[in-house]
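The next block holds one structure in the form of structure tokens; read it before the comments.
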Amino acid sequence: MSEATFHLYGTAAREPESLLLAAGDVSVDLQNGNLRALRFRGHEVLRGIAFLVRDKDWGTCTATISDLHVAEREHHFVLRYRARFTAPSGANLDCDISISGDPQSVTFSADCVSDADFETARAGFVVLHPVVGIAGEPVEVRHSDGSLEDARWPDEIEPWQPFKDIAALTHCVAPGIVATTEFVGDVFEMEDQRNWTDGSFKTYVRPLALPWPYLVCKNEAFSQRIAVTIKADGAAAPAIKSSDPVTISLVPTNIRFPALGIGLRPECLEYELASLPVLKTVGAEHLIAHFDPGAGDGLAALEGYATIAARSGLKVTLELAVPCAMPLEEEMRGFAALVDRAGLKLDTLFVCPSVDRQSTPPGSVWPECPDLSDIYAAARAAFPGLRIGGGMMSYFTELNRKRVPADLVDYISHTTSPIVHAADDLSVMQSFEALRYVVGTTRAVYGDKSYRIGPSTIAMRQNPYGSATKDNPSASRIPMANIDPRHNGQFGAGFTLAYAATVASMGLDVLTLSTLAGSFGLIAGKGEPTPEGELRPLARVLSRLGALAGREVSVVETSRPDAVLGLAAKERLLMVNITPDAQRVALPAVPRVVSLITTGDEYRVQDEGVVLPPYGCVEVVF
């Protein structure tokens, strides 16, 4: 592992190698036996096609691949391999995989059989459709009975499945280019993965309304196939070449950049108290203090928060997971008494029923929970005069599926994590394509209600879709992990700035993108790219964001939002490269100073342009 790679990603673990397959105008990447980035003349047709197997708890059964054979000719490619998926019980699902492509089509098929009863929540194909250029546009849905439905891809994020019983989808990829994707071998339906900030719509096998887990019985073979056919006018233009310089334009607004919040965790109180000067360094205005009585949080946590609040002088929001284990009025009075006893002065109280932190998938029975109006009323009675926030302590998905009565709260709040479904570098950075829809949908539902986001980080602080988050002792890129090494490197700084750039003009009141200490925080630990005890790279980014709080921002429009994002205020422009390749950017004017945010090093400008390093964060002063 090179030192440069370690500083970028905070880990020695490498992503799997990929193989580019091409046949005429068609190209696709093969990675871990599955397909990514299916393109026609450079235009993205599908984001991915994967044959996946989940265990009974939705954990991923990793494929062991053998007998891989690849044959490529000028206008055709074929590859075959055998994949073995092993369940926790020891049962093996063996699949013969075949993938072929020509200048107008790609086909991916799987013929499978198990050597024992195999318990699974899903076994089969998942197809990812891109969001950009697709959301809100027409799509033709062919159902299993042959009937056709003229529909549109969702624009606002759908909480439930937008399309069911899918046999084929036909959509316009780009002017003059039309693709049809056929789904064969089982019943398929679609979910709007933007709910989880995935940059995709997902068509998957087996409806969620059917019972799960289910059995793939011993020796009962099954087959599935995905077939993509592309038709194009001869004059259909290719996509913009990625080697072209990125151009940007600034559009002034009267929207002000949100105040910066920093999360606090009871288990990190000792380190938080030792790190109080960092709050001033990054320009934090709010402390978001997590409090979960069901996890054992009590008076000591509140007293610790009171000490931090008194020493920092910052506003405190108590993020309360309400157990709803006794009459609500009595329960809330008990929490109010604890807060008073601890000497903790609150600015706001965010309340969320503890049970609502767990997801309720489509077709499942909602768990028992008091009416939200009763919870909010009890909170107001116990904390008179205090602003009350509502929403979800978990993710936008849960808020979209269980919408809160906006007129009963003073603000709405939720968090996000980009690694619910996939944790590779590209998927994480593609999550910003979905994030703008998350905020837009929230605004469409709740209007101009005061709105907060966070704490939102790469790693998951809580898992709404299982019993726990995943431990990550090997510092790998894994979904649902409670520690992600990229948070500690340049990648984490780039993620933080890209997040802020995406929501900058959406009128948020508070944005929280880290905790103060711990694995979600700002201070480096042992074995990281930054020396122990010093500021992680994302802290340097937050210091720039904190300085922008309350200032009017300009929208930064880029010709390659898949590569470069930015935000601006008056004479200052912040830009981030969200790719592993250097990106050349043409500036709208000659700058006075250009510097790399994470190091402070100044850049030399040539021909009114700058080159952003991989995941680099740059500040431009005009």
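Going by the structure tokens order, chains are called A, B, ..., each with residues numbered from 1, while ligands are numbered from 1 in the order shown.
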* To do: Identify, on the basis of only C-alpha atoms, every residue whose closest approach to segment 73-87 of chain A does not exceed 8 Å; exclude the query and any residue fewer than 4 positions from it along the same chain; express the result as number ranges by chain.
  => A: 21-24, 53, 55, 61-69, 91-103, 118-120
Taking N, CA and C atoms for each residue, export the selection above as an mmCIF file, in the first residue's frame.
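And here is the file that came out, out28.cif:
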```cif
data_model
loop_
_atom_site.group_PDB
_atom_site.id
_atom_site.type_symbol
_atom_site.label_atom_id
_atom_site.label_comp_id
_atom_site.auth_asym_id
_atom_site.auth_seq_id
_atom_site.Cartn_x
_atom_site.Cartn_y
_atom_site.Cartn_z
ATOM 1 N N LEU A 21 -15.432 -4.402 -20.542
ATOM 2 C CA LEU A 21 -15.869 -5.195 -21.687
ATOM 3 C C LEU A 21 -16.532 -4.262 -22.690
ATOM 4 N N ALA A 22 -16.210 -4.425 -23.979
ATOM 5 C CA ALA A 22 -16.761 -3.527 -24.989
ATOM 6 C C ALA A 22 -17.111 -4.307 -26.242
ATOM 7 N N ALA A 23 -18.211 -3.847 -26.885
ATOM 8 C CA ALA A 23 -18.639 -4.396 -28.171
ATOM 9 C C ALA A 23 -19.273 -3.257 -28.954
ATOM 10 N N GLY A 24 -18.518 -2.669 -29.856
ATOM 11 C CA GLY A 24 -19.029 -1.517 -30.595
ATOM 12 C C GLY A 24 -19.319 -0.355 -29.671
ATOM 13 N N VAL A 53 -27.254 -12.833 -3.448
ATOM 14 C CA VAL A 53 -27.912 -13.756 -2.530
ATOM 15 C C VAL A 53 -27.777 -13.203 -1.122
ATOM 16 N N ASP A 55 -28.688 -13.722 3.054
ATOM 17 C CA ASP A 55 -29.059 -14.738 4.036
ATOM 18 C C ASP A 55 -30.413 -14.384 4.646
ATOM 19 N N CYS A 61 -24.420 -12.906 1.167
ATOM 20 C CA CYS A 61 -23.614 -14.113 0.993
ATOM 21 C C CYS A 61 -22.627 -13.847 -0.148
ATOM 22 N N THR A 62 -21.370 -13.746 0.169
ATOM 23 C CA THR A 62 -20.365 -13.427 -0.842
ATOM 24 C C THR A 62 -20.128 -14.611 -1.769
ATOM 25 N N ALA A 63 -20.045 -14.319 -3.049
ATOM 26 C CA ALA A 63 -19.850 -15.379 -4.035
ATOM 27 C C ALA A 63 -18.386 -15.804 -4.100
ATOM 28 N N THR A 64 -18.178 -17.111 -4.153
ATOM 29 C CA THR A 64 -16.866 -17.648 -4.498
ATOM 30 C C THR A 64 -16.901 -18.002 -5.983
ATOM 31 N N ILE A 65 -16.048 -17.353 -6.764
ATOM 32 C CA ILE A 65 -16.091 -17.475 -8.228
ATOM 33 C C ILE A 65 -14.997 -18.423 -8.707
ATOM 34 N N SER A 66 -15.389 -19.316 -9.606
ATOM 35 C CA SER A 66 -14.419 -20.244 -10.186
ATOM 36 C C SER A 66 -14.719 -20.439 -11.670
ATOM 37 N N ASP A 67 -13.773 -21.034 -12.365
ATOM 38 C CA ASP A 67 -13.927 -21.384 -13.787
ATOM 39 C C ASP A 67 -14.344 -20.176 -14.636
ATOM 40 N N LEU A 68 -13.689 -19.057 -14.414
ATOM 41 C CA LEU A 68 -13.995 -17.851 -15.183
ATOM 42 C C LEU A 68 -13.337 -17.922 -16.561
ATOM 43 N N HIS A 69 -14.148 -17.742 -17.599
ATOM 44 C CA HIS A 69 -13.648 -17.730 -18.967
ATOM 45 C C HIS A 69 -14.196 -16.497 -19.681
ATOM 46 N N ALA A 91 -25.408 -24.502 3.760
ATOM 47 C CA ALA A 91 -25.972 -24.859 2.454
ATOM 48 C C ALA A 91 -25.296 -24.037 1.362
ATOM 49 N N ASN A 92 -25.110 -24.648 0.194
ATOM 50 C CA ASN A 92 -24.469 -23.981 -0.936
ATOM 51 C C ASN A 92 -25.448 -23.827 -2.093
ATOM 52 N N LEU A 93 -25.505 -22.617 -2.635
ATOM 53 C CA LEU A 93 -26.251 -22.353 -3.854
ATOM 54 C C LEU A 93 -25.236 -22.173 -4.971
ATOM 55 N N ASP A 94 -25.240 -23.099 -5.934
ATOM 56 C CA ASP A 94 -24.291 -23.061 -7.042
ATOM 57 C C ASP A 94 -24.980 -22.533 -8.287
ATOM 58 N N CYS A 95 -24.353 -21.545 -8.937
ATOM 59 C CA CYS A 95 -24.962 -20.875 -10.079
ATOM 60 C C CYS A 95 -23.990 -20.845 -11.248
ATOM 61 N N ASP A 96 -24.473 -21.274 -12.395
ATOM 62 C CA ASP A 96 -23.723 -21.120 -13.640
ATOM 63 C C ASP A 96 -24.120 -19.800 -14.279
ATOM 64 N N ILE A 97 -23.156 -18.916 -14.420
ATOM 65 C CA ILE A 97 -23.400 -17.555 -14.884
ATOM 66 C C ILE A 97 -22.890 -17.397 -16.312
ATOM 67 N N SER A 98 -23.698 -16.715 -17.130
ATOM 68 C CA SER A 98 -23.300 -16.407 -18.495
ATOM 69 C C SER A 98 -23.623 -14.945 -18.787
ATOM 70 N N ILE A 99 -22.652 -14.227 -19.333
ATOM 71 C CA ILE A 99 -22.820 -12.824 -19.708
ATOM 72 C C ILE A 99 -22.333 -12.658 -21.138
ATOM 73 N N SER A 100 -23.147 -12.028 -21.975
ATOM 74 C CA SER A 100 -22.741 -11.794 -23.359
ATOM 75 C C SER A 100 -23.146 -10.396 -23.786
ATOM 76 N N GLY A 101 -22.434 -9.864 -24.775
ATOM 77 C CA GLY A 101 -22.734 -8.528 -25.267
ATOM 78 C C GLY A 101 -22.374 -8.369 -26.717
ATOM 79 N N ASP A 102 -23.146 -7.532 -27.421
ATOM 80 C CA ASP A 102 -22.847 -7.138 -28.792
ATOM 81 C C ASP A 102 -23.144 -5.650 -28.918
ATOM 82 N N PRO A 103 -23.016 -5.052 -30.090
ATOM 83 C CA PRO A 103 -23.181 -3.591 -30.185
ATOM 84 C C PRO A 103 -24.569 -3.056 -29.841
ATOM 85 N N PHE A 118 -31.827 -23.986 1.352
ATOM 86 C CA PHE A 118 -31.080 -22.725 1.484
ATOM 87 C C PHE A 118 -32.056 -21.630 1.910
ATOM 88 N N GLU A 119 -31.892 -21.122 3.129
ATOM 89 C CA GLU A 119 -32.787 -20.088 3.645
ATOM 90 C C GLU A 119 -32.257 -18.712 3.227
ATOM 91 N N THR A 120 -33.104 -17.919 2.580
ATOM 92 C CA THR A 120 -32.652 -16.643 2.019
ATOM 93 C C THR A 120 -33.765 -15.607 2.083
#
```
* **Contacts of segment 530-541 of chain A at 7 Å (only C-alpha atoms; same-chain gap of 3+ positions) as a PyMOL selection string** => chain A and resi 282+488-490+492-493+496-497+522-526+544-545+597-598
* Near Arg486 of chain A, counting only C-alpha atoms, which residues have an atom at most 12 Å away, once you skip same-chain residues fewer than 2 positions from it, shown as a VMD selection string? -> chain A and resid 5 to 14 419 423 to 425 428 to 429 457 to 459 475 to 478 481 483 to 484 488 to 496 519 to 520 528 to 529 536 to 538 615
Excluding same-chain residues fewer than 2 positions from segment 556-559 of chain A, what lies within 7 Å of it counting only C-alpha atoms, as a PDB file with all heavy atoms, in the first residue's frame?
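Now in selection07.pdb:
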```
ATOM      1  N   VAL A 246     -13.819  20.675 -16.742  1.00  0.00           N
ATOM      2  CA  VAL A 246     -15.095  20.952 -16.081  1.00  0.00           C
ATOM      3  C   VAL A 246     -15.297  22.459 -16.042  1.00  0.00           C
ATOM      4  O   VAL A 246     -14.402  23.208 -15.623  1.00  0.00           O
ATOM      5  CB  VAL A 246     -15.111  20.391 -14.650  1.00  0.00           C
ATOM      6  CG1 VAL A 246     -16.420  20.728 -13.950  1.00  0.00           C
ATOM      7  CG2 VAL A 246     -14.874  18.884 -14.670  1.00  0.00           C
ATOM      8  N   THR A 247     -16.458  22.897 -16.494  1.00  0.00           N
ATOM      9  CA  THR A 247     -16.782  24.323 -16.426  1.00  0.00           C
ATOM     10  C   THR A 247     -17.788  24.559 -15.303  1.00  0.00           C
ATOM     11  O   THR A 247     -18.591  23.675 -14.982  1.00  0.00           O
ATOM     12  CB  THR A 247     -17.375  24.824 -17.748  1.00  0.00           C
ATOM     13  OG1 THR A 247     -18.571  24.083 -18.050  1.00  0.00           O
ATOM     14  CG2 THR A 247     -16.378  24.654 -18.880  1.00  0.00           C
ATOM     15  N   ILE A 248     -17.731  25.740 -14.715  1.00  0.00           N
ATOM     16  CA  ILE A 248     -18.641  26.053 -13.613  1.00  0.00           C
ATOM     17  C   ILE A 248     -19.238  27.437 -13.816  1.00  0.00           C
ATOM     18  O   ILE A 248     -18.664  28.304 -14.491  1.00  0.00           O
ATOM     19  CB  ILE A 248     -17.928  26.002 -12.244  1.00  0.00           C
ATOM     20  CG1 ILE A 248     -16.853  27.092 -12.142  1.00  0.00           C
ATOM     21  CG2 ILE A 248     -17.327  24.638 -11.991  1.00  0.00           C
ATOM     22  CD1 ILE A 248     -16.243  27.181 -10.762  1.00  0.00           C
ATOM     23  N   SER A 249     -20.414  27.625 -13.232  1.00  0.00           N
ATOM     24  CA  SER A 249     -21.044  28.946 -13.200  1.00  0.00           C
ATOM     25  C   SER A 249     -21.670  29.142 -11.829  1.00  0.00           C
ATOM     26  O   SER A 249     -22.109  28.181 -11.188  1.00  0.00           O
ATOM     27  CB  SER A 249     -22.098  29.068 -14.305  1.00  0.00           C
ATOM     28  OG  SER A 249     -23.112  28.093 -14.146  1.00  0.00           O
ATOM     29  N   LEU A 250     -21.719  30.382 -11.378  1.00  0.00           N
ATOM     30  CA  LEU A 250     -22.234  30.712 -10.060  1.00  0.00           C
ATOM     31  C   LEU A 250     -23.557  31.449 -10.204  1.00  0.00           C
ATOM     32  O   LEU A 250     -23.652  32.429 -10.941  1.00  0.00           O
ATOM     33  CB  LEU A 250     -21.237  31.589  -9.288  1.00  0.00           C
ATOM     34  CG  LEU A 250     -20.072  30.878  -8.564  1.00  0.00           C
ATOM     35  CD1 LEU A 250     -19.267  30.007  -9.497  1.00  0.00           C
ATOM     36  CD2 LEU A 250     -19.180  31.897  -7.873  1.00  0.00           C
ATOM     37  N   VAL A 251     -24.578  30.957  -9.497  1.00  0.00           N
ATOM     38  CA  VAL A 251     -25.910  31.551  -9.536  1.00  0.00           C
ATOM     39  C   VAL A 251     -26.247  32.072  -8.144  1.00  0.00           C
ATOM     40  O   VAL A 251     -26.491  31.286  -7.219  1.00  0.00           O
ATOM     41  CB  VAL A 251     -26.968  30.530  -9.989  1.00  0.00           C
ATOM     42  CG1 VAL A 251     -28.339  31.185 -10.062  1.00  0.00           C
ATOM     43  CG2 VAL A 251     -26.585  29.904 -11.325  1.00  0.00           C
ATOM     44  N   SER A 554     -24.206  31.052  -3.224  1.00  0.00           N
ATOM     45  CA  SER A 554     -24.486  30.933  -4.649  1.00  0.00           C
ATOM     46  C   SER A 554     -24.488  29.458  -5.020  1.00  0.00           C
ATOM     47  O   SER A 554     -23.661  28.678  -4.528  1.00  0.00           O
ATOM     48  CB  SER A 554     -23.422  31.659  -5.485  1.00  0.00           C
ATOM     49  OG  SER A 554     -23.487  33.054  -5.289  1.00  0.00           O
ATOM     50  N   PRO A 561     -21.331  17.294 -12.771  1.00  0.00           N
ATOM     51  CA  PRO A 561     -21.668  17.106 -11.357  1.00  0.00           C
ATOM     52  C   PRO A 561     -21.347  15.704 -10.853  1.00  0.00           C
ATOM     53  O   PRO A 561     -21.385  15.471  -9.646  1.00  0.00           O
ATOM     54  CB  PRO A 561     -23.176  17.388 -11.311  1.00  0.00           C
ATOM     55  CG  PRO A 561     -23.663  17.172 -12.701  1.00  0.00           C
ATOM     56  CD  PRO A 561     -22.531  17.572 -13.587  1.00  0.00           C
ATOM     57  N   VAL A 564     -17.280  16.993 -10.121  1.00  0.00           N
ATOM     58  CA  VAL A 564     -16.921  18.171  -9.329  1.00  0.00           C
ATOM     59  C   VAL A 564     -18.189  18.832  -8.797  1.00  0.00           C
ATOM     60  O   VAL A 564     -19.139  19.068  -9.550  1.00  0.00           O
ATOM     61  CB  VAL A 564     -16.115  19.187 -10.161  1.00  0.00           C
ATOM     62  CG1 VAL A 564     -15.866  20.462  -9.365  1.00  0.00           C
ATOM     63  CG2 VAL A 564     -14.789  18.576 -10.602  1.00  0.00           C
ATOM     64  N   LEU A 565     -18.198  19.135  -7.501  1.00  0.00           N
ATOM     65  CA  LEU A 565     -19.285  19.869  -6.860  1.00  0.00           C
ATOM     66  C   LEU A 565     -18.699  21.071  -6.138  1.00  0.00           C
ATOM     67  O   LEU A 565     -17.502  21.122  -5.847  1.00  0.00           O
ATOM     68  CB  LEU A 565     -20.036  18.973  -5.865  1.00  0.00           C
ATOM     69  CG  LEU A 565     -20.742  17.746  -6.444  1.00  0.00           C
ATOM     70  CD1 LEU A 565     -21.298  16.871  -5.322  1.00  0.00           C
ATOM     71  CD2 LEU A 565     -21.851  18.164  -7.396  1.00  0.00           C
ATOM     72  N   GLY A 566     -19.552  22.050  -5.829  1.00  0.00           N
ATOM     73  CA  GLY A 566     -19.039  23.238  -5.154  1.00  0.00           C
ATOM     74  C   GLY A 566     -20.131  24.072  -4.532  1.00  0.00           C
ATOM     75  O   GLY A 566     -21.329  23.865  -4.759  1.00  0.00           O
ATOM     76  N   LEU A 567     -19.707  25.020  -3.714  1.00  0.00           N
ATOM     77  CA  LEU A 567     -20.587  26.036  -3.149  1.00  0.00           C
ATOM     78  C   LEU A 567     -19.799  27.323  -3.039  1.00  0.00           C
ATOM     79  O   LEU A 567     -18.564  27.311  -2.980  1.00  0.00           O
ATOM     80  CB  LEU A 567     -21.165  25.606  -1.801  1.00  0.00           C
ATOM     81  CG  LEU A 567     -20.190  25.410  -0.633  1.00  0.00           C
ATOM     82  CD1 LEU A 567     -20.237  26.635   0.295  1.00  0.00           C
ATOM     83  CD2 LEU A 567     -20.520  24.165   0.152  1.00  0.00           C
ATOM     84  N   ALA A 568     -20.511  28.443  -3.031  1.00  0.00           N
ATOM     85  CA  ALA A 568     -19.826  29.734  -3.038  1.00  0.00           C
ATOM     86  C   ALA A 568     -20.588  30.742  -2.202  1.00  0.00           C
ATOM     87  O   ALA A 568     -21.805  30.638  -2.019  1.00  0.00           O
ATOM     88  CB  ALA A 568     -19.678  30.251  -4.474  1.00  0.00           C
TER      89      ALA A 568
END
```
* Would you kindly return, as a PyMOL selection string, each protein, DNA or RNA residue with an atom no farther than 10 Å from any atom of Asp407 of chain A, considering only C-alpha atoms and excluding same-chain residues fewer than 5 positions away? => chain A and resi 373+446+449
* Residue neighbourhood Tyr603 of chain A, 10 Å, only C-alpha atoms, exclusion window fewer than 2 positions, as number ranges by chain -> A: 593-596, 600-601, 605-606, 610-612, 618-620
Dump all heavy atoms for the selected residues as a compact mmCIF listing (two decimals), in the first residue's frame?
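Generated output (selection_35.txt):
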```txt
# COMPACT_ATOMS: atom_id res chain seq x y z
N VAL A 593 -6.29 33.80 -4.85
CA VAL A 593 -5.61 32.71 -4.14
C VAL A 593 -6.40 31.42 -4.37
O VAL A 593 -7.63 31.42 -4.34
CB VAL A 593 -5.53 32.98 -2.62
CG1 VAL A 593 -4.82 31.83 -1.92
CG2 VAL A 593 -4.80 34.29 -2.35
N VAL A 594 -5.67 30.34 -4.60
CA VAL A 594 -6.27 29.01 -4.66
C VAL A 594 -5.47 28.12 -3.71
O VAL A 594 -4.24 28.05 -3.83
CB VAL A 594 -6.25 28.42 -6.08
CG1 VAL A 594 -6.86 27.02 -6.08
CG2 VAL A 594 -6.99 29.32 -7.05
N SER A 595 -6.14 27.44 -2.78
CA SER A 595 -5.42 26.61 -1.82
C SER A 595 -6.16 25.30 -1.58
O SER A 595 -7.38 25.21 -1.71
CB SER A 595 -5.24 27.35 -0.49
OG SER A 595 -6.50 27.72 0.05
N LEU A 596 -5.38 24.28 -1.23
CA LEU A 596 -5.94 22.98 -0.86
C LEU A 596 -6.38 23.06 0.60
O LEU A 596 -5.58 23.33 1.49
CB LEU A 596 -4.88 21.89 -1.05
CG LEU A 596 -5.34 20.45 -1.02
CD1 LEU A 596 -6.29 20.15 -2.18
CD2 LEU A 596 -4.14 19.50 -1.07
N GLY A 600 -3.70 23.53 3.33
CA GLY A 600 -3.38 24.95 3.26
C GLY A 600 -2.42 25.30 2.15
O GLY A 600 -2.10 26.49 1.95
N ASP A 601 -1.91 24.31 1.41
CA ASP A 601 -0.95 24.57 0.34
C ASP A 601 -1.61 25.37 -0.78
O ASP A 601 -2.74 25.09 -1.19
CB ASP A 601 -0.43 23.25 -0.25
CG ASP A 601 0.37 22.45 0.77
OD1 ASP A 601 0.84 23.04 1.75
OD2 ASP A 601 0.50 21.21 0.59
N VAL A 605 -2.26 28.76 -10.58
CA VAL A 605 -3.33 28.77 -11.57
C VAL A 605 -2.73 28.98 -12.95
O VAL A 605 -1.89 29.85 -13.16
CB VAL A 605 -4.35 29.89 -11.27
CG1 VAL A 605 -5.46 29.89 -12.31
CG2 VAL A 605 -4.91 29.71 -9.87
N GLN A 606 -3.20 28.14 -13.90
CA GLN A 606 -2.74 28.26 -15.27
C GLN A 606 -3.94 28.37 -16.19
O GLN A 606 -4.86 27.56 -16.11
CB GLN A 606 -1.90 27.04 -15.66
CG GLN A 606 -0.61 26.91 -14.86
CD GLN A 606 0.18 25.68 -15.27
OE1 GLN A 606 -0.31 24.83 -16.00
NE2 GLN A 606 1.43 25.61 -14.82
N VAL A 610 -7.69 25.24 -12.64
CA VAL A 610 -6.97 24.52 -11.59
C VAL A 610 -7.21 23.03 -11.79
O VAL A 610 -8.22 22.62 -12.38
CB VAL A 610 -7.42 24.93 -10.18
CG1 VAL A 610 -7.07 26.38 -9.90
CG2 VAL A 610 -8.91 24.69 -9.98
N VAL A 611 -6.29 22.22 -11.30
CA VAL A 611 -6.44 20.77 -11.33
C VAL A 611 -6.71 20.30 -9.91
O VAL A 611 -5.89 20.50 -9.01
CB VAL A 611 -5.19 20.10 -11.90
CG1 VAL A 611 -5.34 18.58 -11.84
CG2 VAL A 611 -4.95 20.55 -13.34
N LEU A 612 -7.87 19.69 -9.71
CA LEU A 612 -8.23 19.17 -8.40
C LEU A 612 -7.69 17.75 -8.27
O LEU A 612 -7.97 16.89 -9.12
CB LEU A 612 -9.74 19.15 -8.21
CG LEU A 612 -10.51 20.46 -8.42
CD1 LEU A 612 -11.97 20.28 -8.03
CD2 LEU A 612 -9.89 21.59 -7.64
N VAL A 618 -10.76 22.25 -2.53
CA VAL A 618 -10.02 23.47 -2.87
C VAL A 618 -10.85 24.69 -2.53
O VAL A 618 -12.07 24.72 -2.71
CB VAL A 618 -9.66 23.47 -4.37
CG1 VAL A 618 -9.15 24.82 -4.82
CG2 VAL A 618 -8.61 22.39 -4.65
N GLU A 619 -10.17 25.72 -2.01
CA GLU A 619 -10.79 27.01 -1.74
C GLU A 619 -10.23 28.03 -2.73
O GLU A 619 -9.01 28.14 -2.88
CB GLU A 619 -10.52 27.47 -0.32
CG GLU A 619 -11.16 28.80 0.03
CD GLU A 619 -10.92 29.20 1.47
OE1 GLU A 619 -9.77 29.03 1.95
OE2 GLU A 619 -11.87 29.67 2.12
N VAL A 620 -11.12 28.76 -3.40
CA VAL A 620 -10.73 29.78 -4.37
C VAL A 620 -11.22 31.13 -3.86
O VAL A 620 -12.40 31.28 -3.54
CB VAL A 620 -11.34 29.49 -5.76
CG1 VAL A 620 -10.91 30.55 -6.76
CG2 VAL A 620 -10.94 28.10 -6.24
```
* Using only C-alpha atoms: which of A:Tyr465, A:Phe51, A:Tyr395, A:Tyr376 has the shortest distance to Gln31 of chain A -> A:Phe51
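Every residue of segment 174-280 of chain A found in helix (DSSP H, G or I) when DSSP is run on the backbone appears here: Gln193, Arg194, Asn195, Trp196, Pro266, Glu267, Cys268, Leu269, Glu270, Tyr271, Glu272, Leu273, Ala274, Leu276, Pro277, Val278, Leu279 and Lys280 of chain A.
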Those residues with C-alpha atoms, as an mmCIF file, in the first residue's frame please?
```
data_model
loop_
_atom_site.group_PDB
_atom_site.id
_atom_site.type_symbol
_atom_site.label_atom_id
_atom_site.label_comp_id
_atom_site.auth_asym_id
_atom_site.auth_seq_id
_atom_site.Cartn_x
_atom_site.Cartn_y
_atom_site.Cartn_z
ATOM 1 C CA GLN A 193 -33.343 3.683 -3.602
ATOM 2 C CA ARG A 194 -32.973 7.432 -3.296
ATOM 3 C CA ASN A 195 -34.733 6.894 0.054
ATOM 4 C CA TRP A 196 -31.355 5.677 1.341
ATOM 5 C CA PRO A 266 -22.386 9.533 25.803
ATOM 6 C CA GLU A 267 -19.681 6.913 25.264
ATOM 7 C CA CYS A 268 -17.278 9.627 24.050
ATOM 8 C CA LEU A 269 -17.736 12.157 26.873
ATOM 9 C CA GLU A 270 -14.176 11.871 28.206
ATOM 10 C CA TYR A 271 -12.687 12.564 24.773
ATOM 11 C CA GLU A 272 -15.274 15.243 24.013
ATOM 12 C CA LEU A 273 -14.374 17.170 27.150
ATOM 13 C CA ALA A 274 -10.710 17.011 26.149
ATOM 14 C CA LEU A 276 -13.588 21.386 23.363
ATOM 15 C CA PRO A 277 -11.213 23.825 21.580
ATOM 16 C CA VAL A 278 -12.029 22.034 18.314
ATOM 17 C CA LEU A 279 -15.608 23.344 18.497
ATOM 18 C CA LYS A 280 -14.303 26.880 18.138
#
```
Sorted by chain and rising residue number, list the residues of segment 23-104 of chain A at most 12 Å from segment 129-149 of chain A (counting only C-alpha atoms), each with its closest atom pair and distance in Å to one decimal, as a Markdown table.
```
| residue | atom | partner | partner_atom | distance |
| --- | --- | --- | --- | --- |
| A:Arg36 | CA | A:His129 | CA | 10.6 |
| A:Ala37 | CA | A:Pro130 | CA | 9.3 |
| A:Leu38 | CA | A:His129 | CA | 9.9 |
| A:Arg39 | CA | A:Pro130 | CA | 11.1 |
| A:His43 | CA | A:Gly133 | CA | 10.3 |
| A:Glu44 | CA | A:Pro130 | CA | 7.3 |
| A:Val45 | CA | A:His129 | CA | 7.4 |
| A:Leu46 | CA | A:His129 | CA | 4.9 |
| A:Arg47 | CA | A:His129 | CA | 5.3 |
| A:Gly48 | CA | A:His129 | CA | 7.2 |
| A:Ile49 | CA | A:His129 | CA | 9.1 |
| A:Ala50 | CA | A:His129 | CA | 12.0 |
```
Leu260 of chain A surroundings by only C-alpha atoms, 12 Å radius, close-in-sequence under 3 positions cut, as a CSV table (one decimal) with C-alpha atoms, in the first residue's frame:
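Full text of around-v8.csv as output:
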```csv
chain,number,residue,atom,x,y,z
A,257,PHE,CA,-25.8,28.7,4.6
A,263,GLY,CA,-22.8,15.5,17.5
A,279,LEU,CA,-15.6,23.3,18.5
A,280,LYS,CA,-14.3,26.9,18.1
A,281,THR,CA,-11.9,25.8,15.4
A,282,VAL,CA,-14.6,24.5,13.2
A,283,GLY,CA,-17.1,27.3,14.0
A,284,ALA,CA,-19.8,25.1,15.5
A,285,GLU,CA,-22.9,26.7,16.8
A,286,HIS,CA,-25.0,23.7,17.9
A,287,LEU,CA,-24.4,20.6,19.8
A,288,ILE,CA,-26.6,17.6,19.0
A,314,LEU,CA,-23.0,26.5,22.4
A,315,LYS,CA,-26.7,25.8,21.9
A,452,ARG,CA,-32.2,20.1,10.0
A,453,ILE,CA,-30.1,17.2,8.8
A,454,GLY,CA,-27.7,15.1,10.8
A,455,PRO,CA,-25.5,13.8,12.4
A,500,ALA,CA,-22.5,20.5,2.1
A,504,ALA,CA,-26.2,24.5,0.6
A,508,LEU,CA,-31.5,24.2,6.0
A,509,ASP,CA,-31.2,25.7,9.5
A,510,VAL,CA,-28.6,23.3,11.0
A,511,LEU,CA,-26.3,20.8,9.2
A,512,THR,CA,-24.4,18.2,11.3
A,513,LEU,CA,-21.8,16.1,9.5
A,514,SER,CA,-19.7,14.7,12.3
A,515,THR,CA,-19.5,14.1,16.0
A,539,ALA,CA,-12.3,19.1,10.3
A,541,VAL,CA,-13.4,21.4,5.6
A,542,LEU,CA,-15.9,22.0,8.5
A,543,SER,CA,-13.9,25.0,9.5
A,544,ARG,CA,-14.5,26.5,6.1
A,545,LEU,CA,-18.2,25.6,6.3
A,546,GLY,CA,-18.5,27.0,9.8
A,547,ALA,CA,-17.2,30.3,8.5
A,548,LEU,CA,-19.9,30.4,5.9
A,549,ALA,CA,-22.8,30.0,8.3
A,550,GLY,CA,-25.4,32.7,7.9
```
